[in-house]
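Scroll down for the structure; my scribbles are underneath it.
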Amino acid sequence: MTGKRLKREYPLHLLVLPSFVLALLFSYGPIFGLVLAFKDFSVVKGFGRSPWNGFDNFDYMFQLPDIWQVVGNTVYISAMKIVAGLIVPITVALLLNEVTKNVFKRWVQTLIYLPHFLSWIILGGILIDILSPTSGIVNQFLGVFGVKPIFFLGSNAWFPGVLVASDVWKEFGFSTIVYLAALTGINPALYEAAVIDGATRWKQTLHITLPGMTPVIVLLATLSLGNVLNAGFDQVFNLYSAQVYDSGDIIDTLVYRLGIEQAQYSLATAVGLMKSGVSVLLISSSYYLAYRLANYRIF
Amino acid sequence: MNKRRNKWATAAVPGLLLLAMTTAACGGGNNGNNANAGGNGDKNASNAAANQTANNGAADAPTVDPNAKYDPPIEVTTVRYTDSSFKFKDGESLDNNAWTKAYESELGIKVKNKWVVNGEGNQYNQKINLTITSGDLPDMFMVDAKQFRDLAEAGKLEDLTALVDQYGSPLTKEMIDRGVNAKAAASYDGKLYAIPPAEDYFGGAPLLWVRADWMKKLSLPEPKTMDDFVKIAEAFTKQDPDGNGKPDTYGLAASKDVISGYPDLSGFMNGFHAYMNIWVKDASGKLVNGNVQPEMKTALAKLQELYKDGVIDKEFGIKDGGKAAELQTAGKVGMNFGAMWNPLWPLQDGVTKDPNAEWTPYPIPSVDGTPAKAQSSADFNAFWVVKKGAAHPEAIVKLFNFYNEKIVGESAEPAVYHTDNGIEVFKYALMAGGFGTPQGLLTVHKNVMDALSAGDAAKLTPEEKSYFDKIKLFQGGDRTNWGTNKVFGENGSWAVIGASYSDGGLLMKNEFFGPPTPGMTEKRAILDKLVLESFTKIILGAPIGDFDKFVENWNKLGGEQITQEVNDWYGSK
């Protein structure tokens with residue numbers, strides 16, 4: 001019977017084949033490269049003949065003088081990004097959902113979505129200009145209210161905040177669209193019933209809209225937890241400077257200078273492996289929590 | 001500009017690089033072993049062949065002409081890269097062009113490219129790494145310093161010492177012997193294992209660039225000493241040199257990278273006999289790192305003072321070279337330290353915009369009676385090597401002879417081998433990198449100046465002719481060619497370099513030019529961060545006493561170990 005079924009369905013299998021091969025080749029194949037993390041890799045000796053060195057690469061990483069400061073920066077920055085990256089788009093989506101003028105809604109959606117397409121190399125240059133304490137538009141605006149110029153990108157107190165704010169500004173339009181899509185899936189009959197029961201707008205939001213969005217919120221929150229060790233290489237690399245190493249140097253920038261600029265591939269692989277390990281752990285535990293607390297399952 | 005482009009390139013590369021490395025890994029399991037088995041077999045075969053030819057050669061030696069054409073022709077394999085600057089005539093490619101044809105017809109050498117990679121140098125480097133890993137090496141190929149050292153150590157390269165002696169033309173020997181440090185870098189254990197790269201210590205040496213029109217307007221003296229320099233810097237900051245009535249000008253350009261080709265504060269340090277990021281000899285003859293010497297403390301203290309006085313942009317600490325250039329080309333900065341190419345970028349932009357703007361280069365001013373020496377490193381990163389067991393290792397010398405002969409020798413044919421109708425044919429040649437003029441661009445400058453004063457461009461190479469033409473255009477009033485004139489023309493970069501750094505010998509060369517030591521590979525990223533962070537903070541106003549703490553940390557975090565390794569290298573050189 002299976003043979004018969006296979007015969008009937010083989011074109012479908014053929015259709016799947018290319019993506020299957022690609023996934024195997026580019027997602028599963030490279031996993032073998034992880035052996036690098038446990039080797040003292042030398043280009044001349046190659047993969048097979050480079051000597052094993054156990055956990056030396058990991059030891060070395062954790063003995064770096066600034067490692068804990070760097071890990072701390074990473075977690076701090078990315079945690080703030082995750083929280084702000086959930087709250088802001090949800091709020092905006094709820095507000096936009098209340099807008100009845102469709103033209104206005106679409107304009108706003110498109111405009112806030114636009115920065116998502118700009119690269120950090122470009123935005124880095126723009127931010128340095130608009131945040132400049134002498135000529136930047138932000139400080140000129142603050143100056144109207146008598147605020148003394150703030151050196152946003154050169155001060156350790158402000159730098160993480162600037163990273164979070166600019167990241168949220170760049171990405172919230174994209175997430176907003178995801179939440180808006182979730183909102184369209186809510187049954188309008190629920191609202192009608194609520195109106196008949198005398199629920200105000202606020203009550204409707206609280207008891208219909210938010211619960212209706214919960215699956216998507218939990219899904220995105222769970223997935224974003226896996227990024228807790230990714231504080232955003234592109235962004236930090238384009239904005240940081242020696243002045244703000246104390247608050248802005250993250251794992252990825254450190255590894256970039258260490259692993260890539262100095263060609264220590266083993267070390268870079270070890271850090272990558274460690275980050276993946278932590279991500280798997282966090283995603284699994286948050287998935288479990290989502291299941292226990294919100295009775296929500298992704299799979 | 002190159003430096004900047006590299007930065008973006010390297011920023012984008014890590015992902016790709018890791019991907020490439022890991023994909024190689026998955027194929028590495030069994031295939032690697034098979035390939036090795038095959039490789040060994042080949043090697044034995046070619047060794048036998050080499051022995052045979054060596055025997056034959058020995059028998060015929062007295063009658064053989066070192067430059068004789070191979071008959072029948074031999075085949076030599078190599079690997080190449082092209083980038084966007086390579087242009088080809090219809091039907092031509094790296095496999096088929098004026099050079100490959102000449103190699104075959106004049107030398108009897110068929111050069112076969114096993115692969116040609118498109119893209120900038122980085123991709124070539126990765127692909128060579130993979131090629132080395134796979135063990136399937138071509139007969140001759142180009143490697144960087146680290147790969148060179150690894151291969152030489154592993155005994156995978158052919159010793160070229162005797163071959164250069166036997167087959168090298170006088171011009172070839174002159175080329176190789178002129179670059180003393182380059183030759184040392186291409187040697188291992190006292191034997192020459194590569195055709196060394198060209199040696200250029202002038203191209204990166206810092207000069208002081210000053211807005212000459214501002215200097216004249218405020219009737220300031222030329223910057224002969226550091227005191228003059230400081231006086232000019234303060235005047236440029238406080239006396240409104242651009243005449244717009246606002247205190248919005250700066251005396252000195254700086255960027256967050258502190259030294260990055262442009263703007264390059266190492267020139268400022270040199271004025272205090274301090275040398276940034278290079279290894280110099282101390283009184284006892286040992287090599288020491290310039291960053292941790294007491295002179296550096298004095299220089300940083302002065303920079304801190306200048307920063308406090310507003311001579312340097314308050315925001316320099318977050319701006320990269322590109323951002324700093326915007327400020328300077330907007331006519332807000334009066335001086336910068338930087339290399340000979342600064343007129344082309346960024347100064348040209350400002351000169352094009354402002355008809356009054358004029359910049360003049362000066363040698364580094366000194367803080368005391370001893371003339372300042374400009375610091376300079378030469379990167380040796382292009383070594384042409386022959387794999388151990390290649391059938392005709394001497395072919396590389398013959399090819400190099402031929403290149404030198406056709407580019408600078410008596411029988412040079414620039415129209416065929418250098419530039420043909422605007423197409424840069426010389427790039428197709430093997431070992432083309434940087435060779436061709438014994439003194440590099442200094443020779444170009446001298447030839448151009450001779451031609452200008454004689455009013456006759458007939459003897460110039462196409463490259464020189466292009467500068468000659470641009471300078472003529474500038475002299476005719478075209479300010480968009482100001483940069484070329486300022487680099488090669490009268491009172492330009494090379495005029496100053498020639499007089500002060502070449503003839504005057506005011507150059508402090510980086511005494512270390514080997515491949516990175518193990519300590520450097522492991523600790524350099526940490527030390528670089530420490531240096532950049534400490535220096536930036538001191539310039540921004542941290543107590544100057546922090547410098548001593550910095551030196552202590554630097555030694556503790558690996559500086560001491562690296563110093564030891566550098567001195568070991570120096571002793572064994």
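Residue numbering restarts at 1 for every chain of the structure tokens, chains are lettered A, B, ... in their displayed order, and ligands are numbered from 1 as they appear.
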Can you check which residues of stretch 485-565 of chain B DSSP gives as alpha helix (DSSP H) on the backbone and send them as a PDB file with N, CA and C atoms, in the first residue's frame?
ATOM      1  N   ASN B 485      48.325  66.445  -8.295  1.00  0.00           N
ATOM      2  CA  ASN B 485      49.455  67.372  -8.284  1.00  0.00           C
ATOM      3  C   ASN B 485      50.101  67.417  -6.902  1.00  0.00           C
ATOM      4  N   LYS B 486      49.249  67.354  -5.861  1.00  0.00           N
ATOM      5  CA  LYS B 486      49.773  67.476  -4.501  1.00  0.00           C
ATOM      6  C   LYS B 486      50.480  66.189  -4.071  1.00  0.00           C
ATOM      7  N   VAL B 487      50.169  65.080  -4.703  1.00  0.00           N
ATOM      8  CA  VAL B 487      50.862  63.849  -4.354  1.00  0.00           C
ATOM      9  C   VAL B 487      52.187  63.750  -5.122  1.00  0.00           C
ATOM     10  N   PHE B 488      52.116  63.957  -6.447  1.00  0.00           N
ATOM     11  CA  PHE B 488      53.302  63.703  -7.271  1.00  0.00           C
ATOM     12  C   PHE B 488      54.021  64.967  -7.734  1.00  0.00           C
ATOM     13  N   SER B 493      53.479  65.486  -1.669  1.00  0.00           N
ATOM     14  CA  SER B 493      53.843  64.464  -0.686  1.00  0.00           C
ATOM     15  C   SER B 493      55.202  63.859  -0.962  1.00  0.00           C
ATOM     16  N   TRP B 494      55.382  63.424  -2.220  1.00  0.00           N
ATOM     17  CA  TRP B 494      56.621  62.688  -2.508  1.00  0.00           C
ATOM     18  C   TRP B 494      57.837  63.591  -2.508  1.00  0.00           C
ATOM     19  N   ALA B 495      57.635  64.884  -2.787  1.00  0.00           N
ATOM     20  CA  ALA B 495      58.752  65.813  -2.693  1.00  0.00           C
ATOM     21  C   ALA B 495      59.251  65.869  -1.253  1.00  0.00           C
ATOM     22  N   VAL B 496      58.300  65.931  -0.298  1.00  0.00           N
ATOM     23  CA  VAL B 496      58.688  65.980   1.117  1.00  0.00           C
ATOM     24  C   VAL B 496      59.282  64.639   1.553  1.00  0.00           C
ATOM     25  N   PRO B 518      52.756  33.623  18.343  1.00  0.00           N
ATOM     26  CA  PRO B 518      51.607  32.987  19.013  1.00  0.00           C
ATOM     27  C   PRO B 518      50.952  33.928  20.014  1.00  0.00           C
ATOM     28  N   GLY B 519      51.762  34.651  20.766  1.00  0.00           N
ATOM     29  CA  GLY B 519      51.210  35.583  21.743  1.00  0.00           C
ATOM     30  C   GLY B 519      50.383  36.673  21.090  1.00  0.00           C
ATOM     31  N   MET B 520      50.834  37.138  19.924  1.00  0.00           N
ATOM     32  CA  MET B 520      50.080  38.175  19.219  1.00  0.00           C
ATOM     33  C   MET B 520      48.717  37.643  18.800  1.00  0.00           C
ATOM     34  N   THR B 521      48.720  36.437  18.213  1.00  0.00           N
ATOM     35  CA  THR B 521      47.453  35.860  17.771  1.00  0.00           C
ATOM     36  C   THR B 521      46.490  35.768  18.944  1.00  0.00           C
ATOM     37  N   GLU B 522      47.031  35.355  20.088  1.00  0.00           N
ATOM     38  CA  GLU B 522      46.164  35.090  21.212  1.00  0.00           C
ATOM     39  C   GLU B 522      45.780  36.360  21.957  1.00  0.00           C
ATOM     40  N   LYS B 523      46.725  37.276  22.116  1.00  0.00           N
ATOM     41  CA  LYS B 523      46.489  38.390  23.038  1.00  0.00           C
ATOM     42  C   LYS B 523      46.267  39.731  22.350  1.00  0.00           C
ATOM     43  N   ARG B 524      46.523  39.791  21.048  1.00  0.00           N
ATOM     44  CA  ARG B 524      46.569  41.116  20.439  1.00  0.00           C
ATOM     45  C   ARG B 524      45.240  41.855  20.524  1.00  0.00           C
ATOM     46  N   ALA B 525      44.134  41.113  20.350  1.00  0.00           N
ATOM     47  CA  ALA B 525      42.833  41.786  20.377  1.00  0.00           C
ATOM     48  C   ALA B 525      42.615  42.446  21.736  1.00  0.00           C
ATOM     49  N   ILE B 526      43.057  41.764  22.792  1.00  0.00           N
ATOM     50  CA  ILE B 526      42.887  42.306  24.143  1.00  0.00           C
ATOM     51  C   ILE B 526      43.778  43.524  24.332  1.00  0.00           C
ATOM     52  N   LEU B 527      45.032  43.418  23.865  1.00  0.00           N
ATOM     53  CA  LEU B 527      45.963  44.527  24.039  1.00  0.00           C
ATOM     54  C   LEU B 527      45.530  45.731  23.196  1.00  0.00           C
ATOM     55  N   ASP B 528      45.049  45.456  21.981  1.00  0.00           N
ATOM     56  CA  ASP B 528      44.591  46.566  21.133  1.00  0.00           C
ATOM     57  C   ASP B 528      43.470  47.336  21.817  1.00  0.00           C
ATOM     58  N   LYS B 529      42.565  46.567  22.412  1.00  0.00           N
ATOM     59  CA  LYS B 529      41.446  47.218  23.111  1.00  0.00           C
ATOM     60  C   LYS B 529      41.975  48.060  24.266  1.00  0.00           C
ATOM     61  N   LEU B 530      42.923  47.482  24.994  1.00  0.00           N
ATOM     62  CA  LEU B 530      43.493  48.193  26.142  1.00  0.00           C
ATOM     63  C   LEU B 530      44.152  49.489  25.688  1.00  0.00           C
ATOM     64  N   VAL B 531      44.946  49.413  24.629  1.00  0.00           N
ATOM     65  CA  VAL B 531      45.657  50.599  24.138  1.00  0.00           C
ATOM     66  C   VAL B 531      44.657  51.662  23.699  1.00  0.00           C
ATOM     67  N   LEU B 532      43.709  51.254  22.864  1.00  0.00           N
ATOM     68  CA  LEU B 532      42.761  52.222  22.319  1.00  0.00           C
ATOM     69  C   LEU B 532      41.945  52.869  23.435  1.00  0.00           C
ATOM     70  N   GLU B 533      41.487  52.032  24.371  1.00  0.00           N
ATOM     71  CA  GLU B 533      40.647  52.544  25.444  1.00  0.00           C
ATOM     72  C   GLU B 533      41.440  53.479  26.355  1.00  0.00           C
ATOM     73  N   SER B 534      42.660  53.055  26.724  1.00  0.00           N
ATOM     74  CA  SER B 534      43.455  53.881  27.638  1.00  0.00           C
ATOM     75  C   SER B 534      43.829  55.201  26.989  1.00  0.00           C
ATOM     76  N   PHE B 535      44.291  55.136  25.726  1.00  0.00           N
ATOM     77  CA  PHE B 535      44.726  56.363  25.062  1.00  0.00           C
ATOM     78  C   PHE B 535      43.543  57.312  24.882  1.00  0.00           C
ATOM     79  N   THR B 536      42.398  56.760  24.467  1.00  0.00           N
ATOM     80  CA  THR B 536      41.229  57.618  24.265  1.00  0.00           C
ATOM     81  C   THR B 536      40.850  58.299  25.567  1.00  0.00           C
ATOM     82  N   LYS B 537      40.827  57.522  26.647  1.00  0.00           N
ATOM     83  CA  LYS B 537      40.405  58.112  27.920  1.00  0.00           C
ATOM     84  C   LYS B 537      41.379  59.180  28.390  1.00  0.00           C
ATOM     85  N   ILE B 538      42.676  58.952  28.178  1.00  0.00           N
ATOM     86  CA  ILE B 538      43.650  59.964  28.597  1.00  0.00           C
ATOM     87  C   ILE B 538      43.461  61.231  27.770  1.00  0.00           C
ATOM     88  N   ILE B 539      43.274  61.078  26.464  1.00  0.00           N
ATOM     89  CA  ILE B 539      43.078  62.277  25.638  1.00  0.00           C
ATOM     90  C   ILE B 539      41.817  63.022  26.085  1.00  0.00           C
ATOM     91  N   ASP B 546      47.344  57.633  34.852  1.00  0.00           N
ATOM     92  CA  ASP B 546      46.770  56.360  34.397  1.00  0.00           C
ATOM     93  C   ASP B 546      47.668  55.657  33.402  1.00  0.00           C
ATOM     94  N   PHE B 547      48.536  56.425  32.756  1.00  0.00           N
ATOM     95  CA  PHE B 547      49.413  55.819  31.758  1.00  0.00           C
ATOM     96  C   PHE B 547      50.290  54.735  32.394  1.00  0.00           C
ATOM     97  N   ASP B 548      50.775  55.000  33.592  1.00  0.00           N
ATOM     98  CA  ASP B 548      51.644  54.017  34.248  1.00  0.00           C
ATOM     99  C   ASP B 548      50.872  52.743  34.555  1.00  0.00           C
ATOM    100  N   LYS B 549      49.599  52.923  34.977  1.00  0.00           N
ATOM    101  CA  LYS B 549      48.751  51.764  35.225  1.00  0.00           C
ATOM    102  C   LYS B 549      48.546  50.975  33.929  1.00  0.00           C
ATOM    103  N   PHE B 550      48.361  51.735  32.849  1.00  0.00           N
ATOM    104  CA  PHE B 550      48.163  51.108  31.544  1.00  0.00           C
ATOM    105  C   PHE B 550      49.370  50.256  31.167  1.00  0.00           C
ATOM    106  N   VAL B 551      50.577  50.806  31.367  1.00  0.00           N
ATOM    107  CA  VAL B 551      51.787  50.064  31.012  1.00  0.00           C
ATOM    108  C   VAL B 551      51.860  48.766  31.813  1.00  0.00           C
ATOM    109  N   GLU B 552      51.533  48.883  33.099  1.00  0.00           N
ATOM    110  CA  GLU B 552      51.562  47.706  33.968  1.00  0.00           C
ATOM    111  C   GLU B 552      50.583  46.646  33.447  1.00  0.00           C
ATOM    112  N   ASN B 553      49.355  47.081  33.146  1.00  0.00           N
ATOM    113  CA  ASN B 553      48.336  46.169  32.619  1.00  0.00           C
ATOM    114  C   ASN B 553      48.767  45.542  31.307  1.00  0.00           C
ATOM    115  N   TRP B 554      49.321  46.367  30.455  1.00  0.00           N
ATOM    116  CA  TRP B 554      49.732  45.910  29.127  1.00  0.00           C
ATOM    117  C   TRP B 554      50.729  44.771  29.260  1.00  0.00           C
ATOM    118  N   GLU B 560      54.281  41.487  27.914  1.00  0.00           N
ATOM    119  CA  GLU B 560      55.606  41.006  28.275  1.00  0.00           C
ATOM    120  C   GLU B 560      55.963  39.761  27.453  1.00  0.00           C
ATOM    121  N   GLN B 561      54.982  38.859  27.354  1.00  0.00           N
ATOM    122  CA  GLN B 561      55.194  37.618  26.593  1.00  0.00           C
ATOM    123  C   GLN B 561      55.486  37.945  25.123  1.00  0.00           C
ATOM    124  N   ILE B 562      54.700  38.857  24.552  1.00  0.00           N
ATOM    125  CA  ILE B 562      54.892  39.199  23.140  1.00  0.00           C
ATOM    126  C   ILE B 562      56.251  39.851  22.934  1.00  0.00           C
ATOM    127  N   THR B 563      56.645  40.739  23.870  1.00  0.00           N
ATOM    128  CA  THR B 563      57.954  41.381  23.764  1.00  0.00           C
ATOM    129  C   THR B 563      59.047  40.328  23.710  1.00  0.00           C
ATOM    130  N   GLN B 564      58.907  39.310  24.577  1.00  0.00           N
ATOM    131  CA  GLN B 564      59.886  38.227  24.591  1.00  0.00           C
ATOM    132  C   GLN B 564      59.915  37.514  23.235  1.00  0.00           C
ATOM    133  N   GLU B 565      58.731  37.187  22.714  1.00  0.00           N
ATOM    134  CA  GLU B 565      58.652  36.482  21.437  1.00  0.00           C
ATOM    135  C   GLU B 565      59.235  37.307  20.293  1.00  0.00           C
TER     136      GLU B 565
END
>> Please list as a PyMOL selection string every residue within 7 Å of stretch 275-290 of chain B, counting only C-alpha atoms and excluding residues in the same chain fewer than 5 positions away.
In response: chain B and resi 266+269-270+375+510-512+563+567
Keeping all heavy atoms, export the residues of the selection given above as a CSV table (one decimal), in the first residue's frame.
chain,number,residue,atom,x,y,z
B,266,SER,N,49.5,59.1,14.9
B,266,SER,CA,50.9,58.6,15.1
B,266,SER,C,51.9,59.6,14.7
B,266,SER,O,53.0,59.7,15.3
B,266,SER,CB,51.1,57.2,14.4
B,266,SER,OG,51.1,57.4,13.0
B,269,MET,N,52.5,61.7,17.6
B,269,MET,CA,53.4,61.0,18.6
B,269,MET,C,54.8,61.1,18.2
B,269,MET,O,55.7,61.3,19.0
B,269,MET,CB,53.0,59.6,18.7
B,269,MET,CG,51.5,59.3,18.8
B,269,MET,SD,50.8,59.8,20.3
B,269,MET,CE,49.1,59.2,20.2
B,270,ASN,N,55.0,60.9,16.9
B,270,ASN,CA,56.4,60.9,16.3
B,270,ASN,C,57.1,62.2,16.6
B,270,ASN,O,58.3,62.2,16.8
B,270,ASN,CB,56.4,60.7,14.8
B,270,ASN,CG,55.9,59.3,14.4
B,270,ASN,OD1,55.5,59.1,13.3
B,270,ASN,ND2,55.7,58.4,15.4
B,375,GLN,N,57.2,57.4,11.7
B,375,GLN,CA,57.2,55.9,11.8
B,375,GLN,C,56.6,55.3,10.6
B,375,GLN,O,55.8,55.9,9.9
B,375,GLN,CB,56.3,55.6,13.1
B,375,GLN,CG,54.8,55.7,12.9
B,375,GLN,CD,54.1,55.2,14.1
B,375,GLN,OE1,54.3,55.6,15.2
B,375,GLN,NE2,53.2,54.2,13.9
B,510,ASN,N,59.4,50.0,11.5
B,510,ASN,CA,59.0,49.0,12.5
B,510,ASN,C,60.0,47.9,12.4
B,510,ASN,O,60.2,47.3,11.3
B,510,ASN,CB,57.6,48.5,12.1
B,510,ASN,CG,57.0,47.5,13.1
B,510,ASN,OD1,57.7,47.1,14.0
B,510,ASN,ND2,55.8,47.2,12.9
B,511,GLU,N,60.7,47.6,13.5
B,511,GLU,CA,61.7,46.6,13.4
B,511,GLU,C,61.2,45.2,13.4
B,511,GLU,O,61.9,44.2,13.1
B,511,GLU,CB,62.7,46.7,14.6
B,511,GLU,CG,63.5,48.0,14.6
B,511,GLU,CD,64.5,48.1,13.5
B,511,GLU,OE1,64.9,47.0,13.1
B,511,GLU,OE2,65.0,49.1,13.2
B,512,PHE,N,59.9,45.0,13.7
B,512,PHE,CA,59.3,43.7,13.6
B,512,PHE,C,58.6,43.5,12.4
B,512,PHE,O,57.7,44.3,12.1
B,512,PHE,CB,58.4,43.4,14.8
B,512,PHE,CG,57.8,42.1,14.8
B,512,PHE,CD1,58.5,40.9,15.1
B,512,PHE,CD2,56.4,41.9,14.4
B,512,PHE,CE1,57.9,39.7,15.0
B,512,PHE,CE2,55.8,40.7,14.3
B,512,PHE,CZ,56.5,39.6,14.6
B,563,THR,N,56.6,40.7,23.9
B,563,THR,CA,58.0,41.4,23.8
B,563,THR,C,59.0,40.3,23.7
B,563,THR,O,60.0,40.4,22.9
B,563,THR,CB,58.2,42.3,25.0
B,563,THR,OG1,57.1,43.2,25.1
B,563,THR,CG2,59.5,43.1,24.8
B,567,ASN,N,61.5,39.6,20.5
B,567,ASN,CA,63.0,39.6,20.7
B,567,ASN,C,63.6,38.2,20.3
B,567,ASN,O,64.7,38.2,19.7
B,567,ASN,CB,63.4,40.0,22.1
B,567,ASN,CG,63.4,41.5,22.2
B,567,ASN,OD1,64.2,42.2,21.6
B,567,ASN,ND2,62.4,42.0,23.0
> So how many Å separate atom CA of A:Ile112 and atom CA of A:Ile90, to one decimal?
Replying inline: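 Value for the atom CA of A:Ile112-atom CA of A:Ile90 distance: 13.6 Å.
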>> With only C-alpha atoms considered, list every residue of chain A at most 9 Å from chain B, as a VMD selection string.
In response: chain A and resid 25 to 26 29 to 36 42 to 48 64 to 66 121 125 128 132 to 134 151 153 to 154 234 237 239 to 245 254 256 to 265 268 to 269
> How many Å lie between atom CA of B:Trp115 and atom CA of B:Glu92, rounded to one decimal?
Replying inline: 15.9 Å
> Looking at A:Ile130, A:Met274, A:Leu123, A:Ile217, which one is nearest to A:Thr91, with distances taken over only C-alpha atoms?
Replying inline: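 Nearest to A:Thr91: A:Ile217.
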>> Report, in Å to a single decimal, how far apart atom CA of A:Tyr28 and atom CA of A:Leu12 are.
In response: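 The value is 22.6 Å.
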